[in-house]
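K.L.:
Provided herewith: my_file.tsv, TSV, N, CA and C atoms.
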```tsv
chain	number	residue	atom	x	y	z
A	87	MET	N	0.82	-1.18	0.00
A	87	MET	CA	0.00	0.00	0.00
A	87	MET	C	0.88	1.26	0.00
A	88	LEU	N	0.31	2.31	-0.52
A	88	LEU	CA	1.02	3.58	-0.59
A	88	LEU	C	0.34	4.61	0.32
A	89	ARG	N	1.12	5.55	0.77
A	89	ARG	CA	0.63	6.65	1.60
A	89	ARG	C	1.11	7.94	0.96
A	90	ILE	N	0.28	8.97	0.97
A	90	ILE	CA	0.66	10.25	0.38
A	90	ILE	C	0.64	11.32	1.45
A	91	ILE	N	1.78	12.03	1.55
A	91	ILE	CA	1.97	13.09	2.53
A	91	ILE	C	2.08	14.43	1.81
A	92	ASN	N	1.48	15.46	2.36
A	92	ASN	CA	1.66	16.82	1.87
A	92	ASN	C	2.84	17.39	2.64
A	93	GLU	N	4.01	17.40	2.01
A	93	GLU	CA	5.23	17.88	2.67
A	93	GLU	C	5.15	19.37	2.98
A	94	THR	N	4.48	20.12	2.13
A	94	THR	CA	4.38	21.57	2.31
A	94	THR	C	3.61	21.92	3.57
A	95	LYS	N	2.54	21.19	3.84
A	95	LYS	CA	1.67	21.50	4.98
A	95	LYS	C	1.84	20.52	6.15
A	96	ALA	N	2.67	19.49	5.97
A	96	ALA	CA	2.89	18.46	7.00
A	96	ALA	C	1.58	17.78	7.38
A	97	THR	N	0.81	17.37	6.36
A	97	THR	CA	-0.44	16.66	6.59
A	97	THR	C	-0.44	15.35	5.81
A	98	VAL	N	-1.25	14.41	6.26
A	98	VAL	CA	-1.44	13.15	5.55
A	98	VAL	C	-2.61	13.35	4.59
A	99	VAL	N	-2.37	13.11	3.32
A	99	VAL	CA	-3.42	13.27	2.31
A	99	VAL	C	-4.26	12.00	2.22
A	100	ALA	N	-3.60	10.84	2.17
A	100	ALA	CA	-4.29	9.55	2.11
A	100	ALA	C	-3.39	8.47	2.68
A	101	GLN	N	-3.98	7.57	3.46
A	101	GLN	CA	-3.23	6.48	4.11
A	101	GLN	C	-3.14	5.23	3.25
A	102	ASP	N	-4.17	5.00	2.45
A	102	ASP	CA	-4.31	3.74	1.72
A	102	ASP	C	-4.54	4.05	0.23
A	103	VAL	N	-3.45	4.22	-0.51
A	103	VAL	CA	-3.55	4.63	-1.91
A	103	VAL	C	-3.20	3.46	-2.82
A	104	ARG	N	-4.07	3.22	-3.78
A	104	ARG	CA	-3.85	2.20	-4.79
A	104	ARG	C	-3.30	2.88	-6.04
A	105	LEU	N	-2.37	2.23	-6.71
A	105	LEU	CA	-1.77	2.75	-7.93
A	105	LEU	C	-2.45	2.12	-9.14
A	106	ALA	N	-2.93	2.96	-10.05
A	106	ALA	CA	-3.50	2.50	-11.32
A	106	ALA	C	-2.56	2.98	-12.42
A	107	ASP	N	-1.67	2.09	-12.86
A	107	ASP	CA	-0.67	2.49	-13.85
A	107	ASP	C	-0.72	1.67	-15.13
A	108	GLY	N	-1.73	0.83	-15.25
A	108	GLY	CA	-1.94	0.06	-16.47
A	108	GLY	C	-3.14	0.62	-17.23
A	109	ILE	N	-3.26	0.27	-18.48
A	109	ILE	CA	-4.35	0.83	-19.29
A	109	ILE	C	-5.71	0.48	-18.71
A	110	TRP	N	-5.91	-0.75	-18.28
A	110	TRP	CA	-7.23	-1.15	-17.77
A	110	TRP	C	-7.48	-0.63	-16.37
A	111	SER	N	-6.48	-0.63	-15.52
A	111	SER	CA	-6.69	-0.11	-14.16
A	111	SER	C	-7.00	1.39	-14.20
A	112	ARG	N	-6.38	2.11	-15.12
A	112	ARG	CA	-6.70	3.54	-15.29
A	112	ARG	C	-8.08	3.72	-15.89
A	113	PHE	N	-8.42	2.87	-16.87
A	113	PHE	CA	-9.73	2.98	-17.52
A	113	PHE	C	-10.86	2.75	-16.50
A	114	TRP	N	-10.77	1.68	-15.71
A	114	TRP	CA	-11.84	1.36	-14.77
A	114	TRP	C	-11.83	2.29	-13.57
A	115	GLY	N	-10.66	2.66	-13.09
A	115	GLY	CA	-10.58	3.60	-11.97
A	115	GLY	C	-11.56	3.30	-10.86
A	116	LEU	N	-12.46	4.24	-10.58
A	116	LEU	CA	-13.46	4.08	-9.52
A	116	LEU	C	-14.86	3.83	-10.08
A	117	MET	N	-14.97	3.59	-11.38
A	117	MET	CA	-16.29	3.37	-11.98
A	117	MET	C	-17.00	2.18	-11.34
A	118	GLY	N	-18.27	2.39	-11.06
A	118	GLY	CA	-19.10	1.31	-10.54
A	118	GLY	C	-18.99	1.06	-9.04
A	119	ARG	N	-18.04	1.67	-8.39
A	119	ARG	CA	-17.89	1.48	-6.94
A	119	ARG	C	-18.90	2.33	-6.18
A	120	LYS	N	-19.21	1.90	-4.98
A	120	LYS	CA	-20.15	2.65	-4.14
A	120	LYS	C	-19.46	3.78	-3.40
A	121	GLY	N	-18.14	3.73	-3.32
A	121	GLY	CA	-17.40	4.78	-2.64
A	121	GLY	C	-15.97	4.34	-2.39
A	122	LEU	N	-15.22	5.23	-1.80
A	122	LEU	CA	-13.84	4.94	-1.38
A	122	LEU	C	-13.82	4.75	0.12
A	123	PRO	N	-13.04	3.81	0.62
A	123	PRO	CA	-12.90	3.71	2.07
A	123	PRO	C	-12.32	5.00	2.65
A	124	GLU	N	-12.55	5.24	3.91
A	124	GLU	CA	-12.01	6.42	4.61
A	124	GLU	C	-10.50	6.47	4.44
A	125	GLU	N	-9.96	7.63	4.14
A	125	GLU	CA	-8.52	7.89	3.99
A	125	GLU	C	-7.87	7.11	2.85
A	126	ALA	N	-8.68	6.71	1.86
A	126	ALA	CA	-8.15	5.96	0.71
A	126	ALA	C	-8.06	6.88	-0.50
A	127	GLY	N	-7.34	6.40	-1.51
A	127	GLY	CA	-7.23	7.15	-2.75
A	127	GLY	C	-6.79	6.26	-3.89
A	128	LEU	N	-6.88	6.79	-5.09
A	128	LEU	CA	-6.44	6.09	-6.28
A	128	LEU	C	-5.54	7.04	-7.06
A	129	LEU	N	-4.31	6.61	-7.33
A	129	LEU	CA	-3.35	7.41	-8.09
A	129	LEU	C	-3.27	6.87	-9.50
A	130	LEU	N	-3.75	7.66	-10.46
A	130	LEU	CA	-3.74	7.28	-11.87
A	130	LEU	C	-2.47	7.86	-12.50
A	131	ARG	N	-1.62	6.96	-13.03
A	131	ARG	CA	-0.34	7.42	-13.58
A	131	ARG	C	0.01	6.62	-14.83
A	132	PRO	N	0.24	7.25	-15.96
A	132	PRO	CA	0.14	8.68	-16.23
A	132	PRO	C	-1.31	9.07	-16.49
A	133	SER	N	-1.63	10.32	-16.21
A	133	SER	CA	-2.97	10.84	-16.47
A	133	SER	C	-2.98	12.35	-16.28
A	134	SER	N	-3.36	13.07	-17.33
A	134	SER	CA	-3.50	14.51	-17.21
A	134	SER	C	-4.97	14.93	-17.34
A	135	SER	N	-5.85	13.91	-17.46
A	135	SER	CA	-7.28	14.18	-17.49
A	135	SER	C	-8.02	12.99	-16.90
A	136	ILE	N	-9.19	13.26	-16.35
A	136	ILE	CA	-10.00	12.19	-15.78
A	136	ILE	C	-11.47	12.47	-16.08
A	137	HIS	N	-12.28	11.44	-15.90
A	137	HIS	CA	-13.74	11.59	-16.02
A	137	HIS	C	-14.38	10.85	-14.84
A	138	THR	N	-15.59	11.21	-14.55
A	138	THR	CA	-16.32	10.53	-13.47
A	138	THR	C	-17.58	9.86	-14.03
A	139	ALA	N	-17.52	9.47	-15.30
A	139	ALA	CA	-18.64	8.76	-15.92
A	139	ALA	C	-18.88	7.45	-15.17
A	140	PHE	N	-20.13	7.14	-14.94
A	140	PHE	CA	-20.56	5.90	-14.30
A	140	PHE	C	-20.07	5.76	-12.86
A	141	MET	N	-19.72	6.88	-12.25
A	141	MET	CA	-19.36	6.87	-10.82
A	141	MET	C	-20.60	7.25	-10.03
A	142	ARG	N	-20.63	6.83	-8.78
A	142	ARG	CA	-21.80	7.03	-7.93
A	142	ARG	C	-21.59	8.09	-6.84
A	143	PHE	N	-20.43	8.72	-6.83
A	143	PHE	CA	-20.12	9.64	-5.74
A	143	PHE	C	-19.16	10.72	-6.23
A	144	ALA	N	-19.15	11.83	-5.54
A	144	ALA	CA	-18.24	12.93	-5.86
A	144	ALA	C	-16.84	12.63	-5.32
A	145	ILE	N	-15.83	13.18	-5.98
A	145	ILE	CA	-14.45	12.99	-5.54
A	145	ILE	C	-13.69	14.31	-5.63
A	146	ASP	N	-12.58	14.37	-4.91
A	146	ASP	CA	-11.59	15.42	-5.11
A	146	ASP	C	-10.55	14.87	-6.06
A	147	VAL	N	-10.06	15.69	-6.97
A	147	VAL	CA	-9.01	15.28	-7.90
A	147	VAL	C	-7.83	16.23	-7.73
A	148	VAL	N	-6.66	15.65	-7.51
A	148	VAL	CA	-5.43	16.43	-7.37
A	148	VAL	C	-4.51	16.03	-8.52
A	149	PHE	N	-4.27	16.96	-9.43
A	149	PHE	CA	-3.36	16.70	-10.55
A	149	PHE	C	-1.94	17.04	-10.12
A	150	LEU	N	-1.01	16.16	-10.47
A	150	LEU	CA	0.39	16.28	-10.03
A	150	LEU	C	1.34	16.23	-11.22
A	151	ASP	N	2.48	16.93	-11.08
A	151	ASP	CA	3.52	16.81	-12.11
A	151	ASP	C	4.39	15.59	-11.80
A	152	ARG	N	5.44	15.39	-12.56
A	152	ARG	CA	6.29	14.20	-12.38
A	152	ARG	C	6.97	14.13	-11.01
A	153	SER	N	7.19	15.28	-10.38
A	153	SER	CA	7.83	15.30	-9.06
A	153	SER	C	6.80	15.34	-7.93
A	154	LEU	N	5.53	15.13	-8.26
A	154	LEU	CA	4.40	15.12	-7.32
A	154	LEU	C	4.07	16.49	-6.74
A	155	LYS	N	4.38	17.52	-7.49
A	155	LYS	CA	3.98	18.87	-7.11
A	155	LYS	C	2.57	19.10	-7.64
A	156	VAL	N	1.71	19.68	-6.82
A	156	VAL	CA	0.31	19.89	-7.18
A	156	VAL	C	0.20	20.99	-8.24
A	157	VAL	N	-0.42	20.64	-9.38
A	157	VAL	CA	-0.62	21.63	-10.44
A	157	VAL	C	-2.08	22.10	-10.52
A	158	LYS	N	-3.00	21.30	-9.97
A	158	LYS	CA	-4.42	21.69	-9.98
A	158	LYS	C	-5.19	20.84	-8.98
A	159	VAL	N	-6.15	21.45	-8.30
A	159	VAL	CA	-7.04	20.72	-7.40
A	159	VAL	C	-8.48	20.96	-7.86
A	160	VAL	N	-9.22	19.88	-8.03
A	160	VAL	CA	-10.64	19.96	-8.41
A	160	VAL	C	-11.43	19.40	-7.24
A	161	PRO	N	-12.06	20.26	-6.43
A	161	PRO	CA	-12.80	19.78	-5.27
A	161	PRO	C	-14.21	19.29	-5.63
A	162	ARG	N	-14.63	18.24	-4.97
A	162	ARG	CA	-16.02	17.75	-5.02
A	162	ARG	C	-16.56	17.62	-6.45
A	163	MET	N	-15.78	16.95	-7.29
A	163	MET	CA	-16.19	16.73	-8.68
A	163	MET	C	-17.31	15.69	-8.72
A	164	LYS	N	-18.43	16.06	-9.28
A	164	LYS	CA	-19.63	15.22	-9.31
A	164	LYS	C	-19.52	14.15	-10.40
A	165	PRO	N	-20.35	13.10	-10.29
A	165	PRO	CA	-20.38	12.08	-11.35
A	165	PRO	C	-20.75	12.67	-12.71
A	166	PHE	N	-20.26	12.03	-13.75
A	166	PHE	CA	-20.50	12.39	-15.15
A	166	PHE	C	-19.94	13.77	-15.51
A	167	ARG	N	-18.74	14.05	-14.98
A	167	ARG	CA	-18.02	15.27	-15.33
A	167	ARG	C	-16.63	14.86	-15.84
A	168	ALA	N	-15.92	15.81	-16.40
A	168	ALA	CA	-14.55	15.57	-16.86
A	168	ALA	C	-13.70	16.77	-16.47
A	169	SER	N	-12.41	16.51	-16.25
A	169	SER	CA	-11.48	17.58	-15.93
A	169	SER	C	-10.11	17.23	-16.47
A	170	MET	N	-9.35	18.26	-16.81
A	170	MET	CA	-7.99	18.05	-17.28
A	170	MET	C	-7.09	19.15	-16.74
A	171	ALA	N	-5.82	18.86	-16.73
A	171	ALA	CA	-4.84	19.85	-16.25
A	171	ALA	C	-3.71	19.91	-17.26
A	172	PHE	N	-3.70	20.98	-18.03
A	172	PHE	CA	-2.61	21.18	-18.99
A	172	PHE	C	-1.42	21.79	-18.26
A	173	GLY	N	-0.29	21.78	-18.89
A	173	GLY	CA	0.87	22.45	-18.32
A	173	GLY	C	1.63	21.63	-17.31
A	174	GLY	N	1.87	20.37	-17.60
A	174	GLY	CA	2.75	19.60	-16.75
A	174	GLY	C	2.13	18.52	-15.90
A	175	ALA	N	0.83	18.33	-15.95
A	175	ALA	CA	0.22	17.26	-15.14
A	175	ALA	C	0.66	15.91	-15.68
A	176	HIS	N	1.07	15.05	-14.79
A	176	HIS	CA	1.52	13.71	-15.15
A	176	HIS	C	0.68	12.63	-14.50
A	177	SER	N	0.04	12.94	-13.39
A	177	SER	CA	-0.79	11.96	-12.70
A	177	SER	C	-1.96	12.66	-12.02
A	178	ALA	N	-2.96	11.84	-11.65
A	178	ALA	CA	-4.15	12.36	-10.99
A	178	ALA	C	-4.43	11.51	-9.76
A	179	LEU	N	-4.60	12.16	-8.64
A	179	LEU	CA	-4.93	11.49	-7.39
A	179	LEU	C	-6.40	11.71	-7.11
A	180	GLU	N	-7.17	10.62	-7.03
A	180	GLU	CA	-8.59	10.70	-6.73
A	180	GLU	C	-8.80	10.37	-5.26
A	181	LEU	N	-9.54	11.25	-4.58
A	181	LEU	CA	-9.77	11.14	-3.14
A	181	LEU	C	-11.25	11.30	-2.83
A	182	ASN	N	-11.65	10.94	-1.63
A	182	ASN	CA	-13.01	11.22	-1.18
A	182	ASN	C	-13.25	12.72	-1.23
A	183	ALA	N	-14.47	13.11	-1.57
A	183	ALA	CA	-14.83	14.53	-1.60
A	183	ALA	C	-14.54	15.16	-0.24
A	184	GLY	N	-13.81	16.26	-0.26
A	184	GLY	CA	-13.45	16.97	0.97
A	184	GLY	C	-12.09	16.60	1.54
A	185	ALA	N	-11.50	15.52	1.07
A	185	ALA	CA	-10.21	15.06	1.61
A	185	ALA	C	-9.07	16.01	1.28
A	186	ALA	N	-9.08	16.59	0.09
A	186	ALA	CA	-8.01	17.53	-0.28
A	186	ALA	C	-8.05	18.77	0.60
A	187	GLU	N	-9.24	19.27	0.84
A	187	GLU	CA	-9.38	20.45	1.71
A	187	GLU	C	-8.96	20.12	3.14
A	188	GLU	N	-9.35	18.95	3.61
A	188	GLU	CA	-9.00	18.54	4.97
A	188	GLU	C	-7.48	18.44	5.15
A	189	ALA	N	-6.78	17.97	4.11
A	189	ALA	CA	-5.32	17.85	4.15
A	189	ALA	C	-4.64	19.14	3.71
A	190	GLN	N	-5.43	20.18	3.46
A	190	GLN	CA	-4.93	21.51	3.09
A	190	GLN	C	-4.14	21.50	1.78
A	191	VAL	N	-4.52	20.63	0.84
A	191	VAL	CA	-3.82	20.53	-0.44
A	191	VAL	C	-4.19	21.70	-1.34
A	192	GLN	N	-3.16	22.40	-1.83
A	192	GLN	CA	-3.34	23.54	-2.72
A	192	GLN	C	-2.33	23.47	-3.86
A	193	THR	N	-2.64	24.17	-4.94
A	193	THR	CA	-1.71	24.26	-6.06
A	193	THR	C	-0.35	24.75	-5.56
A	194	GLY	N	0.71	24.08	-5.99
A	194	GLY	CA	2.07	24.43	-5.58
A	194	GLY	C	2.61	23.57	-4.45
A	195	ASP	N	1.73	22.86	-3.74
A	195	ASP	CA	2.19	22.00	-2.64
A	195	ASP	C	3.01	20.84	-3.17
A	196	GLN	N	3.96	20.38	-2.37
A	196	GLN	CA	4.78	19.24	-2.73
A	196	GLN	C	4.29	18.00	-1.96
A	197	LEU	N	3.87	16.98	-2.69
A	197	LEU	CA	3.43	15.73	-2.07
A	197	LEU	C	4.54	14.69	-2.16
A	198	THR	N	4.48	13.72	-1.27
A	198	THR	CA	5.45	12.63	-1.24
A	198	THR	C	4.69	11.31	-1.17
A	199	LEU	N	5.17	10.33	-1.92
A	199	LEU	CA	4.59	9.01	-1.95
A	199	LEU	C	5.47	8.09	-1.10
A	200	VAL	N	4.87	7.43	-0.11
A	200	VAL	CA	5.61	6.54	0.78
A	200	VAL	C	5.09	5.12	0.61
A	201	ASP	N	6.00	4.18	0.31
A	201	ASP	CA	5.63	2.78	0.18
A	201	ASP	C	5.55	2.18	1.58
A	202	GLN	N	4.39	1.64	1.96
A	202	GLN	CA	4.18	1.10	3.30
A	202	GLN	C	4.38	-0.40	3.40
A	203	GLU	N	4.84	-1.04	2.35
A	203	GLU	CA	4.99	-2.50	2.39
A	203	GLU	C	6.23	-2.93	3.09
```
Any chance you could give the structure as structure tokens?

P.N.:
Amino acid sequence: MLRIINETKATVVAQDVRLADGIWSRFWGLMGRKGLPEEAGLLLRPSSSIHTAFMRFAIDVVFLDRSLKVVKVVPRMKPFRASMAFGGAHSALELNAGAAEEAQVQTGDQLTLVDQE
């Protein structure tokens, strides 16, 4: 399992992050699920755009560059929407709605990925 820390604000963004780095894992993402467990997330890599088609719940989306610096935050994105981040986005972190705000994640913050295995 992976953990994501906001180094800029010294907060935990997500404790239980799954990596979606294959074509099918990125394609399916969170579609069809009833929700994300508390403090969980999905890191889509590579990805500079996402959609919430066929999702049942709102999510926060944090777009990151290659060094995991936040380039864009999309709070409380509802189902059947799409978003993209031009200008350096390399991955997208999907979180429970409100999780980014709770962890004080903002554009320019530096995140760190910690392997917990």

K.L.:
Select from chain A everything DSSP, run on the backbone, classes as strand (DSSP E), then give the selection as a ChimeraX atom specification.

P.N.:
/A:88-92,97-106,126-130,135-137,145-150,156-163,168-170,177-182,197-201

K.L.:
Export N, CA and C atoms of the chosen residues as a short mmCIF file (atom, residue, chain, number, x, y, z; two decimals), in the frame of the given file?

P.N.:
```
data_model
loop_
_atom_site.label_atom_id
_atom_site.label_comp_id
_atom_site.auth_asym_id
_atom_site.auth_seq_id
_atom_site.Cartn_x
_atom_site.Cartn_y
_atom_site.Cartn_z
N LEU A 88 0.31 2.31 -0.52
CA LEU A 88 1.02 3.58 -0.59
C LEU A 88 0.34 4.61 0.32
N ARG A 89 1.12 5.55 0.77
CA ARG A 89 0.63 6.65 1.60
C ARG A 89 1.11 7.94 0.96
N ILE A 90 0.28 8.97 0.97
CA ILE A 90 0.66 10.25 0.38
C ILE A 90 0.64 11.32 1.45
N ILE A 91 1.78 12.03 1.55
CA ILE A 91 1.97 13.09 2.53
C ILE A 91 2.08 14.43 1.81
N ASN A 92 1.48 15.46 2.36
CA ASN A 92 1.66 16.82 1.87
C ASN A 92 2.84 17.39 2.64
N THR A 97 0.81 17.37 6.36
CA THR A 97 -0.44 16.66 6.59
C THR A 97 -0.44 15.35 5.81
N VAL A 98 -1.25 14.41 6.26
CA VAL A 98 -1.44 13.15 5.55
C VAL A 98 -2.61 13.35 4.59
N VAL A 99 -2.37 13.11 3.32
CA VAL A 99 -3.42 13.27 2.31
C VAL A 99 -4.26 12.00 2.22
N ALA A 100 -3.60 10.84 2.17
CA ALA A 100 -4.29 9.55 2.11
C ALA A 100 -3.39 8.47 2.68
N GLN A 101 -3.98 7.57 3.46
CA GLN A 101 -3.23 6.48 4.11
C GLN A 101 -3.14 5.23 3.25
N ASP A 102 -4.17 5.00 2.45
CA ASP A 102 -4.31 3.74 1.72
C ASP A 102 -4.54 4.05 0.23
N VAL A 103 -3.45 4.22 -0.51
CA VAL A 103 -3.55 4.63 -1.91
C VAL A 103 -3.20 3.46 -2.82
N ARG A 104 -4.07 3.22 -3.78
CA ARG A 104 -3.85 2.20 -4.79
C ARG A 104 -3.30 2.88 -6.04
N LEU A 105 -2.37 2.23 -6.71
CA LEU A 105 -1.77 2.75 -7.93
C LEU A 105 -2.45 2.12 -9.14
N ALA A 106 -2.93 2.96 -10.05
CA ALA A 106 -3.50 2.50 -11.32
C ALA A 106 -2.56 2.98 -12.42
N ALA A 126 -8.68 6.71 1.86
CA ALA A 126 -8.15 5.96 0.71
C ALA A 126 -8.06 6.88 -0.50
N GLY A 127 -7.34 6.40 -1.51
CA GLY A 127 -7.23 7.15 -2.75
C GLY A 127 -6.79 6.26 -3.89
N LEU A 128 -6.88 6.79 -5.09
CA LEU A 128 -6.44 6.09 -6.28
C LEU A 128 -5.54 7.04 -7.06
N LEU A 129 -4.31 6.61 -7.33
CA LEU A 129 -3.35 7.41 -8.09
C LEU A 129 -3.27 6.87 -9.50
N LEU A 130 -3.75 7.66 -10.46
CA LEU A 130 -3.74 7.28 -11.87
C LEU A 130 -2.47 7.86 -12.50
N SER A 135 -5.85 13.91 -17.46
CA SER A 135 -7.28 14.18 -17.49
C SER A 135 -8.02 12.99 -16.90
N ILE A 136 -9.19 13.26 -16.35
CA ILE A 136 -10.00 12.19 -15.78
C ILE A 136 -11.47 12.47 -16.08
N HIS A 137 -12.28 11.44 -15.90
CA HIS A 137 -13.74 11.59 -16.02
C HIS A 137 -14.38 10.85 -14.84
N ILE A 145 -15.83 13.18 -5.98
CA ILE A 145 -14.45 12.99 -5.54
C ILE A 145 -13.69 14.31 -5.63
N ASP A 146 -12.58 14.37 -4.91
CA ASP A 146 -11.59 15.42 -5.11
C ASP A 146 -10.55 14.87 -6.06
N VAL A 147 -10.06 15.69 -6.97
CA VAL A 147 -9.01 15.28 -7.90
C VAL A 147 -7.83 16.23 -7.73
N VAL A 148 -6.66 15.65 -7.51
CA VAL A 148 -5.43 16.43 -7.37
C VAL A 148 -4.51 16.03 -8.52
N PHE A 149 -4.27 16.96 -9.43
CA PHE A 149 -3.36 16.70 -10.55
C PHE A 149 -1.94 17.04 -10.12
N LEU A 150 -1.01 16.16 -10.47
CA LEU A 150 0.39 16.28 -10.03
C LEU A 150 1.34 16.23 -11.22
N VAL A 156 1.71 19.68 -6.82
CA VAL A 156 0.31 19.89 -7.18
C VAL A 156 0.20 20.99 -8.24
N VAL A 157 -0.42 20.64 -9.38
CA VAL A 157 -0.62 21.63 -10.44
C VAL A 157 -2.08 22.10 -10.52
N LYS A 158 -3.00 21.30 -9.97
CA LYS A 158 -4.42 21.69 -9.98
C LYS A 158 -5.19 20.84 -8.98
N VAL A 159 -6.15 21.45 -8.30
CA VAL A 159 -7.04 20.72 -7.40
C VAL A 159 -8.48 20.96 -7.86
N VAL A 160 -9.22 19.88 -8.03
CA VAL A 160 -10.64 19.96 -8.41
C VAL A 160 -11.43 19.40 -7.24
N PRO A 161 -12.06 20.26 -6.43
CA PRO A 161 -12.80 19.78 -5.27
C PRO A 161 -14.21 19.29 -5.63
N ARG A 162 -14.63 18.24 -4.97
CA ARG A 162 -16.02 17.75 -5.02
C ARG A 162 -16.56 17.62 -6.45
N MET A 163 -15.78 16.95 -7.29
CA MET A 163 -16.19 16.73 -8.68
C MET A 163 -17.31 15.69 -8.72
N ALA A 168 -15.92 15.81 -16.40
CA ALA A 168 -14.55 15.57 -16.86
C ALA A 168 -13.70 16.77 -16.47
N SER A 169 -12.41 16.51 -16.25
CA SER A 169 -11.48 17.58 -15.93
C SER A 169 -10.11 17.23 -16.47
N MET A 170 -9.35 18.26 -16.81
CA MET A 170 -7.99 18.05 -17.28
C MET A 170 -7.09 19.15 -16.74
N SER A 177 0.04 12.94 -13.39
CA SER A 177 -0.79 11.96 -12.70
C SER A 177 -1.96 12.66 -12.02
N ALA A 178 -2.96 11.84 -11.65
CA ALA A 178 -4.15 12.36 -10.99
C ALA A 178 -4.43 11.51 -9.76
N LEU A 179 -4.60 12.16 -8.64
CA LEU A 179 -4.93 11.49 -7.39
C LEU A 179 -6.40 11.71 -7.11
N GLU A 180 -7.17 10.62 -7.03
CA GLU A 180 -8.59 10.70 -6.73
C GLU A 180 -8.80 10.37 -5.26
N LEU A 181 -9.54 11.25 -4.58
CA LEU A 181 -9.77 11.14 -3.14
C LEU A 181 -11.25 11.30 -2.83
N ASN A 182 -11.65 10.94 -1.63
CA ASN A 182 -13.01 11.22 -1.18
C ASN A 182 -13.25 12.72 -1.23
N LEU A 197 3.87 16.98 -2.69
CA LEU A 197 3.43 15.73 -2.07
C LEU A 197 4.54 14.69 -2.16
N THR A 198 4.48 13.72 -1.27
CA THR A 198 5.45 12.63 -1.24
C THR A 198 4.69 11.31 -1.17
N LEU A 199 5.17 10.33 -1.92
CA LEU A 199 4.59 9.01 -1.95
C LEU A 199 5.47 8.09 -1.10
N VAL A 200 4.87 7.43 -0.11
CA VAL A 200 5.61 6.54 0.78
C VAL A 200 5.09 5.12 0.61
N ASP A 201 6.00 4.18 0.31
CA ASP A 201 5.63 2.78 0.18
C ASP A 201 5.55 2.18 1.58
#
```

K.L.:
Please indicate the distance in Å from atom CA of A:Pro161 to atom CA of A:Ala189, rounded to one decimal place.

P.N.:
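Separation of atom CA of A:Pro161 and atom CA of A:Ala189: 12.2 Å.
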
K.L.:
Might you pull out every residue within 5 Å of stretch 155-157 of chain A, with only N, CA and C atoms counted and same-chain residues fewer than 3 positions away left off, and present them as a list in words?

P.N.:
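Close residues of stretch 155-157 of chain A: Phe149, Leu150, Asp151, Thr193, Gly194, Asp195, Gln196 and Leu197 of chain A.
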
K.L.:
Could you check the closest approach to A:Lys120 for each of A:Val191, A:Met141, A:Leu179, A:Lys95 and tell me which residue wins, using only N, CA and C atoms?

P.N.:
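Looking at the shortest contact to A:Lys120, the residue is A:Met141.
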
K.L.:
Tell me, as a list in words, which residues lie within 10 Å of A:Leu199, counting only C-alpha atoms; anything in the same chain fewer than 2 positions away does not count.

P.N.:
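The residues that qualify are Leu88, Arg89, Ile90, Ile91, Asn92, Ala100, Val103, Leu154, Leu197, Asp201 and Gln202 of chain A.
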
K.L.:
Counting all atoms listed in the file, what is within 6.5 Å of A:Val160, bar same-chain residues fewer than 5 positions away, as a compact mmCIF listing (two decimals) with N, CA and C atoms, keeping the file's coordinate frame?

P.N.:
```txt
# COMPACT_ATOMS: atom_id res chain seq x y z
N ILE A 145 -15.83 13.18 -5.98
CA ILE A 145 -14.45 12.99 -5.54
C ILE A 145 -13.69 14.31 -5.63
N ASP A 146 -12.58 14.37 -4.91
CA ASP A 146 -11.59 15.42 -5.11
C ASP A 146 -10.55 14.87 -6.06
N VAL A 147 -10.06 15.69 -6.97
CA VAL A 147 -9.01 15.28 -7.90
C VAL A 147 -7.83 16.23 -7.73
N VAL A 148 -6.66 15.65 -7.51
CA VAL A 148 -5.43 16.43 -7.37
C VAL A 148 -4.51 16.03 -8.52
N PHE A 149 -4.27 16.96 -9.43
CA PHE A 149 -3.36 16.70 -10.55
C PHE A 149 -1.94 17.04 -10.12
```

K.L.:
I'd like the contact shell of stretch 127-134 of chain A - 10 Å cut-off, only C-alpha atoms, skipping same-chain residues fewer than 4 positions apart - returned as a ChimeraX atom specification.

P.N.:
/A:88-90,99-109,111-113,115-116,122-123,145-152,169-182,185

K.L.:
Looking at A:Ala168, A:Lys158, A:Ser153, A:Glu124, which one is nearest to A:Thr138, with distances taken over all atoms listed in the file?

P.N.:
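Closest candidate: A:Ala168.
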
K.L.:
For A:Arg119, work out the shell of residues within 7 Å, counting all atoms listed in the file and skipping chain neighbours fewer than 4 positions away, then give it as a ChimeraX atom specification.

P.N.:
/A:140-143
